[in-house]
Amino acid sequence: MAIRFRFHRVPAVLAGAALAAVCALSAPAAETVAPAAETPGTVQFSKRCLMVSPNEGCAVADVNRDGKLDVVAGTHWYAGPDFVARPLREIRESGDFLANNGDHLYDVDGDGWLDVISGGWEQSEISWYKNPGAARLARGFKWQANLLRDTRAENEAFELRDFDGDGVPELFVSCWVKEDPLVVWKLAKTDDGKPTIERIVLGRESGGHGYAFGDVNGDGREDVLCETGWYERPEGDVLAATWKFHGETALPHPSCPFVVFDVNDDGRNDLVWGKAHDFGLYLWLQGEPKPDGTTTWTEHLIDESWSQAHCIVLADLDGDGGKELITGKRVRGHAGTDPGGKQPECLFYYTLDKPTATFTRHTISPPGGGVGTGMQICVADLNADGRPDIAVSGKTGTWVLINEGVAPGRAP
């Protein structure tokens with residue numbers, strides 16, 4: 001089956017000429033993206049640059065407990081609905097490599113206020129930053145840094161996920177060293193009552209760059225996928241039992257995360273992933289398993305016109321009940337040395353026609369329009385109008401993209 005993609009451009013309303021002059025970055029002359037034929041899309045977005053700062057992570061939640069969603073992005077947080085920058089912390093820099101491979105919000109110390117958990121690539125520490133509470137937030141105080149655990153470096157990405165169903169998430173780690181085991185860290189307390197984390201090995205075979213969560217073999221249990229394959233979730237105590245490794249879904253440096261869902265409604269979950277440090281966005285359709293239960297897959301190209309699809313998320317942007325694929329170019333992931341690494345930033349969404357497994361590309365922000373990605377793409381209703389918006393942060397700035405709805409006369 002041939003997978004086709006078409007190009008559609010979604011009009012973007014800039015937040016003013018002055019703001020655009022500060023935040024929109026021009027594309028380097030060394031490399032360019034060839035323009036694609038485009039026709040008007042469906043969902044319209046307005047975009048606003050909140051700040052350009054050394055940061056690649058972002059998160060969305062109500063951090064000041066005023067009933068409105070806020071954006072957290074590295075050195076600053078932005079209180080909704082105006083999203084004016086407030087200081088949060090400092091971030092160590094090493095050229096284009098930042099000690100910030102994601103922001104994750106959780107009430108670490110149990111005081112009722114959401115804190116930030118974060119770490120870096122070259123740093124071995126996983127830290128948490130204590131929310132100072134209403135009065136100090138209002139006065140612009142920074143958040144206190146605390147060590148959760150000195151673990152190891154080379155941690156590509158983290159995600160909070162409740163593996164054992166006890167209501168407390170574990171910290172999942174995607175380590176880009178393929179030979180290392182797949183691990184999660186369980187939140188705990190030291191003997192003197194301070195927050196810490198305890199290392200739990202899910203699988204010792206291998207891990208590597210990239211991860212996804214989903215039921216691969218249809219047994220009703222959520223499995224974990226990584227660069228070298230997938231780990232089958234066991235029955236019983238998932239943090240004590242051994243996860244069985246399967247190598248048939250090995251992928252070359254996939255996105256963090258990529259996504260697992262049933263693309264063509266055949267009852268089997270498929271994979272959509274990107275080459276995080278190269279050109280290519282792909283669909284892997286799952287076929288009938290072999291007699292011994294080994295899964296089978298067929299690869300189809302979705303789009304190879306841009307590079308570094310480092311993170312992918314799913315969300316229903318147009319309100320039609322189906323989810324769209326949201327992804328974009330991670331800017332200078334390896335300091336511009338990746339294939340296409342110096343080409344301009346961009347952000348897209350793809351709609352899916354399930355009967356034909358046809359993906360259609362829509363432009364949220366065009367190449368050179370200022371908006372790229374870092375390590376995370378957040379989707380939430382930022383202005384409480386019932387439509388999902390997008391927050392994203394990377395080396396071209398922290399942005400919010402407000403979903404203005406389906407354009408008149410353009411049915412989703």
# chains A, B, ... in the order shown; residues from 1 in each chain; ligands from 1

$ residues_around --residues "Glu198 (chain A)" --least-positions-apart "2" --cutoff "9 Å" --atoms "only C-alpha atoms" --output "PyMOL selection string"
chain A and resi 149+184-188+196+200

$ write_last_selection --atoms "C-alpha atoms" --output "PDB file, in the first residue's frame"
ATOM      1  CA  ARG A 149      19.385  11.444  42.670  1.00  0.00           C
ATOM      2  CA  VAL A 184      12.319   3.691  35.511  1.00  0.00           C
ATOM      3  CA  TRP A 185      12.816   5.582  38.748  1.00  0.00           C
ATOM      4  CA  LYS A 186      10.251   5.314  41.539  1.00  0.00           C
ATOM      5  CA  LEU A 187       9.625   8.335  43.757  1.00  0.00           C
ATOM      6  CA  ALA A 188      10.535   7.602  47.350  1.00  0.00           C
ATOM      7  CA  THR A 196      14.511  10.768  46.214  1.00  0.00           C
ATOM      8  CA  ILE A 200      14.054  -0.152  38.800  1.00  0.00           C
TER       9      ILE A 200
END

$ select_by_dssp --residues "region 306-347 of chain A" --states "strand (DSSP E)" --output "ChimeraX atom specification"
/A:306-307,309-315,324-329,347

$ residues_around --residues "Glu159 (chain A)" --least-positions-apart "5" --cutoff "9 Å" --atoms "only C-alpha atoms" --output "list in words"
Gly102, Asp103, His104, Glu170, Leu171, Phe172, Val173 and Ser174 of chain A

$ closest_residue --among "A:Pro252, A:Gly247, A:Gly333, A:Gly112" --to "Thr294 (chain A)" --atoms "only C-alpha atoms"
A:Gly247

$ residues_around --residues "Tyr349 (chain A)" --least-positions-apart "2" --cutoff "10 Å" --atoms "only C-alpha atoms" --output "ChimeraX atom specification"
/A:8-10,43,312-315,317,324-328,347,351,359-365

$ closest_residue --among "A:Phe141, A:Tyr78, A:Phe213, A:Tyr350" --to "Leu50 (chain A)" --atoms "only C-alpha atoms"
A:Tyr78

$ residues_around --residues "region 275-286 of chain A" --least-positions-apart "5" --cutoff "9 Å" --atoms "only C-alpha atoms" --output "mmCIF file with N, CA and C atoms, in the first residue's frame"
data_model
loop_
_atom_site.group_PDB
_atom_site.id
_atom_site.type_symbol
_atom_site.label_atom_id
_atom_site.label_comp_id
_atom_site.auth_asym_id
_atom_site.auth_seq_id
_atom_site.Cartn_x
_atom_site.Cartn_y
_atom_site.Cartn_z
ATOM 1 N N ILE A 3 1.636 5.031 0.825
ATOM 2 C CA ILE A 3 1.207 6.072 1.743
ATOM 3 C C ILE A 3 1.475 7.418 1.090
ATOM 4 N N HIS A 209 17.949 5.341 22.094
ATOM 5 C CA HIS A 209 17.298 6.620 21.811
ATOM 6 C C HIS A 209 15.870 6.390 21.304
ATOM 7 N N GLY A 210 14.891 7.018 21.952
ATOM 8 C CA GLY A 210 13.499 6.947 21.505
ATOM 9 C C GLY A 210 12.670 6.035 22.380
ATOM 10 N N VAL A 216 1.322 -3.466 22.016
ATOM 11 C CA VAL A 216 1.849 -3.950 20.747
ATOM 12 C C VAL A 216 1.169 -5.239 20.307
ATOM 13 N N LEU A 251 14.297 0.369 15.599
ATOM 14 C CA LEU A 251 14.167 1.556 14.757
ATOM 15 C C LEU A 251 15.447 2.381 14.845
ATOM 16 N N PRO A 252 15.843 3.044 13.775
ATOM 17 C CA PRO A 252 17.071 3.842 13.805
ATOM 18 C C PRO A 252 16.864 5.219 14.429
ATOM 19 N N HIS A 253 17.244 5.349 15.703
ATOM 20 C CA HIS A 253 17.215 6.635 16.396
ATOM 21 C C HIS A 253 15.830 7.293 16.305
ATOM 22 N N PRO A 254 14.769 6.644 16.805
ATOM 23 C CA PRO A 254 13.417 7.189 16.642
ATOM 24 C C PRO A 254 13.120 8.348 17.589
ATOM 25 N N SER A 255 11.948 8.934 17.380
ATOM 26 C CA SER A 255 11.490 10.102 18.132
ATOM 27 C C SER A 255 11.325 9.779 19.613
ATOM 28 N N CYS A 256 11.363 10.843 20.431
ATOM 29 C CA CYS A 256 11.181 10.763 21.884
ATOM 30 C C CYS A 256 10.073 11.725 22.310
ATOM 31 N N ASP A 262 -3.897 2.515 16.275
ATOM 32 C CA ASP A 262 -4.410 1.724 15.158
ATOM 33 C C ASP A 262 -4.716 2.655 13.994
ATOM 34 N N VAL A 263 -3.821 2.721 13.024
ATOM 35 C CA VAL A 263 -3.930 3.664 11.917
ATOM 36 C C VAL A 263 -5.072 3.301 10.974
ATOM 37 N N ASN A 264 -5.247 2.007 10.661
ATOM 38 C CA ASN A 264 -6.193 1.597 9.613
ATOM 39 C C ASN A 264 -7.375 0.789 10.134
ATOM 40 N N ARG A 268 -5.155 -3.897 15.093
ATOM 41 C CA ARG A 268 -3.770 -4.004 15.551
ATOM 42 C C ARG A 268 -3.145 -2.614 15.596
ATOM 43 N N ASN A 269 -2.403 -2.342 16.656
ATOM 44 C CA ASN A 269 -1.755 -1.043 16.787
ATOM 45 C C ASN A 269 -0.540 -0.934 15.874
ATOM 46 N N ASP A 270 -0.377 0.237 15.285
ATOM 47 C CA ASP A 270 0.714 0.532 14.375
ATOM 48 C C ASP A 270 1.637 1.573 15.006
ATOM 49 N N THR A 295 5.670 -10.320 16.127
ATOM 50 C CA THR A 295 4.936 -9.309 15.363
ATOM 51 C C THR A 295 5.621 -9.054 14.019
ATOM 52 N N THR A 296 4.829 -8.648 13.034
ATOM 53 C CA THR A 296 5.347 -8.351 11.697
ATOM 54 C C THR A 296 4.942 -6.933 11.307
ATOM 55 N N TRP A 297 5.791 -6.287 10.485
ATOM 56 C CA TRP A 297 5.604 -4.871 10.201
ATOM 57 C C TRP A 297 5.964 -4.559 8.754
ATOM 58 N N THR A 298 5.277 -3.557 8.195
ATOM 59 C CA THR A 298 5.576 -3.044 6.871
ATOM 60 C C THR A 298 5.802 -1.544 6.975
ATOM 61 N N GLU A 299 6.933 -1.086 6.458
ATOM 62 C CA GLU A 299 7.282 0.333 6.558
ATOM 63 C C GLU A 299 6.754 1.122 5.365
ATOM 64 N N HIS A 300 6.214 2.325 5.635
ATOM 65 C CA HIS A 300 5.732 3.239 4.602
ATOM 66 C C HIS A 300 6.218 4.645 4.934
ATOM 67 N N LEU A 301 6.741 5.321 3.953
ATOM 68 C CA LEU A 301 7.201 6.691 4.128
ATOM 69 C C LEU A 301 6.019 7.648 4.158
ATOM 70 N N ILE A 302 6.002 8.536 5.128
ATOM 71 C CA ILE A 302 4.985 9.587 5.200
ATOM 72 C C ILE A 302 5.521 10.889 4.624
ATOM 73 N N ASP A 303 6.732 11.296 5.047
ATOM 74 C CA ASP A 303 7.260 12.597 4.645
ATOM 75 C C ASP A 303 8.771 12.592 4.862
ATOM 76 N N GLU A 304 9.538 13.009 3.875
ATOM 77 C CA GLU A 304 10.978 13.127 4.043
ATOM 78 C C GLU A 304 11.487 14.491 3.588
ATOM 79 N N SER A 305 10.615 15.494 3.621
ATOM 80 C CA SER A 305 10.985 16.821 3.120
ATOM 81 C C SER A 305 11.633 17.690 4.194
ATOM 82 N N TRP A 306 11.660 17.247 5.442
ATOM 83 C CA TRP A 306 12.291 17.999 6.512
ATOM 84 C C TRP A 306 12.874 16.996 7.505
ATOM 85 N N SER A 307 13.754 17.448 8.396
ATOM 86 C CA SER A 307 14.475 16.512 9.254
ATOM 87 C C SER A 307 14.241 16.796 10.731
ATOM 88 N N GLN A 308 14.657 15.828 11.557
ATOM 89 C CA GLN A 308 14.703 15.930 13.020
ATOM 90 C C GLN A 308 13.323 16.020 13.659
ATOM 91 N N ALA A 309 12.449 15.054 13.319
ATOM 92 C CA ALA A 309 11.163 14.916 14.021
ATOM 93 C C ALA A 309 11.443 14.231 15.353
ATOM 94 N N HIS A 310 11.863 15.018 16.317
ATOM 95 C CA HIS A 310 12.373 14.454 17.569
ATOM 96 C C HIS A 310 11.272 14.085 18.557
ATOM 97 N N CYS A 311 10.099 14.688 18.435
ATOM 98 C CA CYS A 311 8.976 14.313 19.316
ATOM 99 C C CYS A 311 7.676 14.401 18.525
ATOM 100 N N LYS A 329 10.293 20.255 13.538
ATOM 101 C CA LYS A 329 11.752 20.136 13.507
ATOM 102 C C LYS A 329 12.362 20.557 14.838
ATOM 103 N N ARG A 330 13.099 19.628 15.457
ATOM 104 C CA ARG A 330 13.883 20.017 16.619
ATOM 105 C C ARG A 330 15.102 20.782 16.125
ATOM 106 N N GLY A 333 19.520 19.919 17.094
ATOM 107 C CA GLY A 333 19.575 18.850 18.078
ATOM 108 C C GLY A 333 20.987 18.408 18.382
ATOM 109 N N HIS A 334 21.821 18.328 17.356
ATOM 110 C CA HIS A 334 23.248 18.030 17.524
ATOM 111 C C HIS A 334 24.083 19.207 17.028
ATOM 112 N N ASP A 338 23.420 17.375 12.272
ATOM 113 C CA ASP A 338 22.558 16.343 11.705
ATOM 114 C C ASP A 338 22.242 16.656 10.242
ATOM 115 N N PRO A 339 21.876 15.643 9.443
ATOM 116 C CA PRO A 339 21.378 15.927 8.094
ATOM 117 C C PRO A 339 20.216 16.925 8.149
ATOM 118 N N GLY A 340 20.314 18.003 7.408
ATOM 119 C CA GLY A 340 19.290 19.047 7.452
ATOM 120 C C GLY A 340 19.302 19.863 8.723
ATOM 121 N N GLY A 341 20.341 19.698 9.542
ATOM 122 C CA GLY A 341 20.359 20.339 10.849
ATOM 123 C C GLY A 341 20.367 21.849 10.825
#

$ residues_around --residues "Asp107 (chain A)" --least-positions-apart "6" --cutoff "9 Å" --atoms "only C-alpha atoms" --output "PyMOL selection string"
chain A and resi 113-116+130-131

$ closest_residue --among "A:Ala61, A:Val183, A:Val260, A:Val168" --to "Arg199 (chain A)" --atoms "only C-alpha atoms"
A:Val183

$ atom_distance --atom1 "CA of Trp243 (chain A)" --atom2 "CA of Thr228 (chain A)"
14.2 Å

$ residues_around --residues "Leu137 (chain A)" --least-positions-apart "3" --cutoff "12 Å" --atoms "only C-alpha atoms" --output "ChimeraX atom specification"
/A:63-66,76-79,85-88,113,130-134,140-144

$ atom_distance --atom1 "CA of Leu271 (chain A)" --atom2 "CA of Asp223 (chain A)"
12.7 Å

$ atom_distance --atom1 "CA of Ser118 (chain A)" --atom2 "CA of Gly368 (chain A)"
28.9 Å

$ select_by_dssp --residues "region 18-197 of chain A" --states "helix (DSSP H, G or I)" --output "VMD selection string"
chain A and resid 18 to 23 134 to 138
